[in-house]
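Heads up: the structure comes next, in structure tokens.
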Amino acid sequence: MERIGLSTGWRIVCGAWMAGVIAAAFIGVGPAAGFREPEAARILFFHVPVAWLAVLGFLGATFHAVRYLRRRNPAADIRAVASAEMGFLFCVLATLSGALFARVQWGAAWNWDPRQTSIVALLLVYAAYFTLRSAVAEPERRAALSAVYAIVATLPMLFLVFILPRVVESLHPADTVRSGGMSPDYRVVFFAALGAFTLLYLWIYRLRVAVGELERVACRHSMK
Amino acid sequence: MRSPDGGPEVPAEVFLAVRDLAKSFGRLGLFRGVSFELSPGEALVVTGRNGSGKSTLVRILCGLLRPTRGSIEYRVGERLVPGRDVKRLVGLVSPDLVLYEELTLLENLRFFARVRGLRRSDRELQTLLTQVGLESEGARRAGTLSTGMRQRLRFAHALLHEPPVLLLDEPTANLDDAGVAMARACMARQRSRGILVVATNNREELELGDQILRLGG
Amino acid sequence: MAEAGAVFLKDLQQELRNRYALNAMALFAITTLVVVGFAVGSQALPASVVAALLWVVLLFTAVASLSRVFLREEETGTALALRLAVEPEHVYLGKLLFNVVLLGAMALVVAPLFLAVMQARVGNPGLLALVLLLGCIGLAAASTIVAAIIARAAARGALFGGLAFPLLLPVLIAATGGTTRALEGAPLGAAWAELRLLLSFGVVMITASLLLFEHVWNE
């Protein structure tokens, strides 16, 4: 029986890698200076990759949406939903981990900080996308309408996630990743964490796509 | 055909070829294996029990619905008409066709002429209304018409752009004797200059067709 | 383009004859004004709060009425005739224009009324007018394509607010910022970022909608 998702080798790699990242995050590196609660900085190994993947999920959904509209290829629609579901899952994780950090660092779980608001707005876009899909019965129309919505929502989403936090003042720690404000050992663990979460994302994504493809085949068989 | 006055050209000779057409909605299969060809001057009658897909086939012929399988080709001479231009060639009379209730008959016709890029003077529109027996109703709001008059209005609307292909779905429904005569006259006129497709269960109309297509097995 | 104009005029004619949207909007706007006025009382509010409330009122007004252009066509069954006669781009442009005019007309009445009720001082009326114009275009642009989408779905009206709101958030943020500057009396240049954002949002949203509309409109 062929394995869906990832092959056994990659599964082991993913598991080991993630375990390694978790260990390194808590034991391998020391607490960070410059944070009110230096220990709390460790969350960036989990929060930031997860947030990036939340955005990636959306961009993936948009990419497959464009593909669907060009050729009306049902496989593209399956991948669009799968990306959206992944993005949504990671978006929830990002919101929760962000709130956790906010609680520890600034005393309140929610501050209407632009970054926090934008991640919630992204959550709303996802919710709207799924609500729309659930409201359309016919598969082709469902795919087309949700594809259009995903594409149309891209501009507002990009604005909210990337532009808004830069324009409005934010409590949120600034681009520590790009501006190089991280110590070398933190950087290593961070990129390792990014890799681990991306691998995890891909694994679940591929599982989801496989399920979608099986559903489609089952549907067609029952029609004959 | 028309029109040197600036409206878009409506081609004279349109040929229709349908091959192995099938339509299903999700798991519900409606029909399959439908094939026929029509040249100008020919008429096809589509018949079948309720729910056999007559109206759906008409919609597909309008270019509004995509078939699940098979092909529809409209040709002008050698040239294949692209999907998005099919609606310009086609006139439709169907019970689902509703015009704007708040607008008068003339306003409705004026609107549809304008959006199709046609130049039609009010006199020409009035002539069209006369042709379908609504000559004195031009200033009435479409919402106030009786069902029979609505059906006549549908004919006026379908003939507005003198389509080379006329698709009629239950054309004589709700019509009195005079209305039926009007409809028959329209059908005869259409046969003399283009293609006619009639979807009906009316036995008398079965005789109008050169070809008969029975749906639903 | 003349065809889009014909669609716009047709919708206008329909609206003037039965006034559903106008009545709904007017009722909504007045009720909201009264509620807000009552809640605020005679307090002097900072410009940013007045600006935010104004745009909340306009947002709700938009959501209450801008979906009609497409919902009505589907519900009354006239969409079939429209699909047969008009190219999709013309349908979209005509409906967009109608929504812009409808919302703009409402804003023209609601905004001064609202500011009077709030007893707010308007420092730079020219800037305020510009922000209102661009903001309404942005709201209408996003609302129109969403209206087109939900008209083809089942739950229709209930979906509109939920789908439109995330898309409208950038417009609200920029418009509120720009309005605040206008109320405070800042010069045009101070609101440049917001104006630029509103303009580009409108342009991108309309362009994207034009390209995508036929996928929504056609079966």
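Convention: chains lettered A, B, ... in structure tokens order; per-chain residue numbering from 1; ligands numbered from 1 as shown.
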From a DSSP pass on the backbone, collect the residues of stretch 26-57 of chain B flagged as alpha helix (DSSP H) and hand them back as a list in words.
Lys54, Ser55, Thr56 and Leu57 of chain B
If you run DSSP on the backbone here, which positions in stretch 38-95 of chain B get strand (DSSP E or B)? Please write them as a CSV table (one decimal) with N, CA and C atoms, in the first residue's frame.
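So the final result, stored in states.csv, reads:
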chain,number,residue,atom,x,y,z
B,38,LEU,N,-28.0,21.5,-37.8
B,38,LEU,CA,-29.0,22.3,-38.3
B,38,LEU,C,-28.4,23.4,-39.3
B,43,ALA,N,-35.6,23.3,-38.9
B,43,ALA,CA,-36.2,23.4,-37.5
B,43,ALA,C,-36.0,22.1,-36.8
B,44,LEU,N,-35.7,22.2,-35.5
B,44,LEU,CA,-35.6,21.0,-34.7
B,44,LEU,C,-36.6,21.1,-33.6
B,45,VAL,N,-37.4,20.0,-33.3
B,45,VAL,CA,-38.3,20.0,-32.2
B,45,VAL,C,-37.7,19.0,-31.2
B,46,VAL,N,-37.6,19.5,-29.9
B,46,VAL,CA,-37.1,18.7,-28.8
B,46,VAL,C,-38.3,18.4,-27.9
B,47,THR,N,-38.4,17.1,-27.7
B,47,THR,CA,-39.6,16.7,-26.9
B,47,THR,C,-39.2,15.7,-25.9
B,69,ARG,N,-20.2,16.9,-21.3
B,69,ARG,CA,-19.3,16.2,-22.4
B,69,ARG,C,-19.9,16.6,-23.7
B,70,GLY,N,-19.1,16.4,-24.7
B,70,GLY,CA,-19.6,16.7,-26.1
B,70,GLY,C,-19.3,18.1,-26.5
B,71,SER,N,-19.7,18.4,-27.7
B,71,SER,CA,-19.4,19.8,-28.2
B,71,SER,C,-20.6,20.4,-28.9
B,72,ILE,N,-20.6,21.7,-28.9
B,72,ILE,CA,-21.6,22.5,-29.6
B,72,ILE,C,-20.8,23.5,-30.5
B,73,GLU,N,-21.1,23.5,-31.8
B,73,GLU,CA,-20.4,24.4,-32.6
B,73,GLU,C,-21.4,25.2,-33.4
B,74,TYR,N,-21.2,26.5,-33.3
B,74,TYR,CA,-22.0,27.4,-34.2
B,74,TYR,C,-20.9,27.9,-35.2
B,75,ARG,N,-21.3,27.8,-36.5
B,75,ARG,CA,-20.4,28.3,-37.5
B,75,ARG,C,-21.0,29.4,-38.3
B,76,VAL,N,-20.2,30.4,-38.7
B,76,VAL,CA,-20.7,31.4,-39.6
B,76,VAL,C,-19.7,31.2,-40.8
B,79,ARG,N,-16.1,30.0,-40.2
B,79,ARG,CA,-15.6,30.5,-38.9
B,79,ARG,C,-16.4,29.9,-37.8
B,80,LEU,N,-15.7,29.4,-36.8
B,80,LEU,CA,-16.3,28.9,-35.6
B,80,LEU,C,-16.6,30.1,-34.7
B,90,VAL,N,-28.3,34.3,-30.7
B,90,VAL,CA,-29.4,33.5,-30.3
B,90,VAL,C,-30.5,34.4,-29.6
B,91,GLY,N,-31.8,34.0,-29.9
B,91,GLY,CA,-32.9,34.6,-29.3
B,91,GLY,C,-33.6,33.6,-28.5
B,92,LEU,N,-34.1,33.9,-27.3
B,92,LEU,CA,-34.6,32.9,-26.4
B,92,LEU,C,-36.0,33.3,-25.9
B,93,VAL,N,-37.0,32.3,-26.1
B,93,VAL,CA,-38.3,32.5,-25.4
B,93,VAL,C,-38.4,31.3,-24.4
Expected answer as a PyMOL selection string: chain C residues within 6 Å of chain A, only C-alpha atoms:
chain C and resi 153-154+163+166-167+216
Keeping only N, CA and C atoms, write those residues as a compact mmCIF listing (two decimals), in the first residue's frame.
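Writing done, so here's result-v2.txt:
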# COMPACT_ATOMS: atom_id res chain seq x y z
N ALA C 153 -24.75 32.27 -4.62
CA ALA C 153 -24.69 31.26 -3.57
C ALA C 153 -26.05 31.13 -2.91
N ALA C 154 -26.18 30.24 -1.97
CA ALA C 154 -27.50 29.94 -1.42
C ALA C 154 -27.96 30.91 -0.35
N LEU C 163 -18.53 38.24 4.34
CA LEU C 163 -17.54 38.18 3.25
C LEU C 163 -16.96 39.55 2.96
N PRO C 166 -13.89 41.64 5.88
CA PRO C 166 -12.43 41.59 5.85
C PRO C 166 -11.83 42.38 4.69
N LEU C 167 -12.53 42.40 3.56
CA LEU C 167 -12.02 43.13 2.41
C LEU C 167 -12.10 44.62 2.63
N VAL C 216 -17.64 34.76 -12.15
CA VAL C 216 -18.73 34.77 -11.18
C VAL C 216 -20.07 34.79 -11.92
Could you list, as number ranges by chain, the residues of chain B having an atom within 10 Å of chain A when counting only C-alpha atoms?
B: 24-29
Keeping only C-alpha atoms, write the selected residues as a short mmCIF file (atom, residue, chain, number, x, y, z; two decimals), in the first residue's frame.
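part.cif, written as the output of this step:
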data_model
loop_
_atom_site.label_atom_id
_atom_site.label_comp_id
_atom_site.auth_asym_id
_atom_site.auth_seq_id
_atom_site.Cartn_x
_atom_site.Cartn_y
_atom_site.Cartn_z
CA SER B 24 -25.20 16.06 -15.58
CA PHE B 25 -25.45 18.10 -12.41
CA GLY B 26 -23.18 16.59 -9.80
CA ARG B 27 -24.43 13.02 -9.57
CA LEU B 28 -27.66 13.60 -11.46
CA GLY B 29 -27.27 12.64 -15.10
#
For atom CA of C:Ser200 and atom CA of C:Gly177, quote the distance in Å rounded to one decimal.
15.8 Å
Report as an mmCIF file with C-alpha atoms, in the first residue's frame all protein, DNA and RNA residues lying within 10 Å of stretch 2-10 of chain C, evaluated on only C-alpha atoms, omitting residues in the same chain fewer than 2 positions from it.
data_model
loop_
_atom_site.group_PDB
_atom_site.id
_atom_site.type_symbol
_atom_site.label_atom_id
_atom_site.label_comp_id
_atom_site.auth_asym_id
_atom_site.auth_seq_id
_atom_site.Cartn_x
_atom_site.Cartn_y
_atom_site.Cartn_z
ATOM 1 C CA TYR B 100 -37.991 44.275 -15.641
ATOM 2 C CA GLU B 102 -40.734 48.419 -12.927
ATOM 3 C CA LEU B 103 -39.979 49.458 -16.485
ATOM 4 C CA GLU B 107 -38.311 51.023 -21.723
ATOM 5 C CA ASN B 108 -37.515 47.337 -21.454
ATOM 6 C CA ARG B 110 -35.059 50.203 -25.352
ATOM 7 C CA PHE B 111 -32.741 48.923 -22.621
ATOM 8 C CA PHE B 112 -32.145 45.570 -24.234
ATOM 9 C CA ALA B 113 -31.540 47.177 -27.603
ATOM 10 C CA ARG B 114 -29.030 49.561 -26.101
ATOM 11 C CA VAL B 115 -27.088 46.934 -24.194
ATOM 12 C CA ARG B 116 -26.847 44.776 -27.261
ATOM 13 C CA GLY B 117 -25.379 47.755 -29.072
ATOM 14 C CA LEU C 12 -31.288 53.916 -11.444
ATOM 15 C CA GLN C 13 -34.719 53.886 -13.049
ATOM 16 C CA GLN C 14 -35.693 50.795 -11.085
ATOM 17 C CA GLU C 15 -34.462 52.305 -7.849
ATOM 18 C CA LEU C 16 -36.276 55.582 -8.352
ATOM 19 C CA VAL C 69 -27.866 45.314 -7.442
ATOM 20 C CA LEU C 82 -29.250 40.197 -18.662
ATOM 21 C CA VAL C 86 -24.944 42.040 -22.045
ATOM 22 C CA GLU C 87 -21.228 41.357 -21.908
ATOM 23 C CA PRO C 88 -20.072 40.640 -18.346
ATOM 24 C CA GLU C 89 -17.724 43.648 -18.162
ATOM 25 C CA HIS C 90 -20.568 45.988 -18.971
ATOM 26 C CA VAL C 91 -22.772 44.446 -16.326
ATOM 27 C CA TYR C 92 -20.053 44.869 -13.733
ATOM 28 C CA LEU C 93 -19.194 48.452 -14.638
ATOM 29 C CA GLY C 94 -22.809 49.514 -14.746
ATOM 30 C CA LYS C 95 -23.554 47.965 -11.357
ATOM 31 C CA LEU C 96 -20.350 49.355 -9.866
ATOM 32 C CA LEU C 97 -21.233 52.830 -11.021
ATOM 33 C CA PHE C 98 -24.671 52.455 -9.519
ATOM 34 C CA ASN C 99 -23.267 51.389 -6.157
ATOM 35 C CA VAL C 101 -23.467 56.763 -6.884
#
Residues near C:Ala29, anyone? I mean within 9 Å using only C-alpha atoms, not counting same-chain ones fewer than 4 positions away, as a ChimeraX atom specification.
/C:24-25,33-34,57-58,60-61,106,110
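What separates atom CA of C:Phe70 from atom CA of C:Phe160 is a distance of 11.5 Å.
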Spatial neighbours of B:Arg184, 9 Å, only C-alpha atoms, chain gap at least 5 places, as a VMD selection string:
chain B and resid 172 179 189
Residue contacts of stretch 210-216 of chain A (7 Å, only C-alpha atoms) excluding same-chain residues fewer than 4 positions away, as a PDB file with C-alpha atoms, in the first residue's frame:
ATOM      1  CA  ILE A   4       0.128   9.136   1.312  1.00  0.00           C
ATOM      2  CA  ILE A  78      -8.654  20.536  -4.049  1.00  0.00           C
ATOM      3  CA  ARG A 206      -0.237  16.353   1.218  1.00  0.00           C
ATOM      4  CA  ARG A 220     -17.229   9.881  -9.817  1.00  0.00           C
TER       5      ARG A 220
END
Got a sec: who's within 9 Å of A:Ala192, counting only C-alpha atoms, leaving out chain neighbours fewer than 4 positions off, as a list in words?
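That gives Trp17, Met18, Gly20, Val21, Phe45, Arg187, Val188, Ala196 and Phe197 of chain A.
As for atom CA of C:Leu127 and atom CA of C:Val171, they are spaced 15.9 Å apart.
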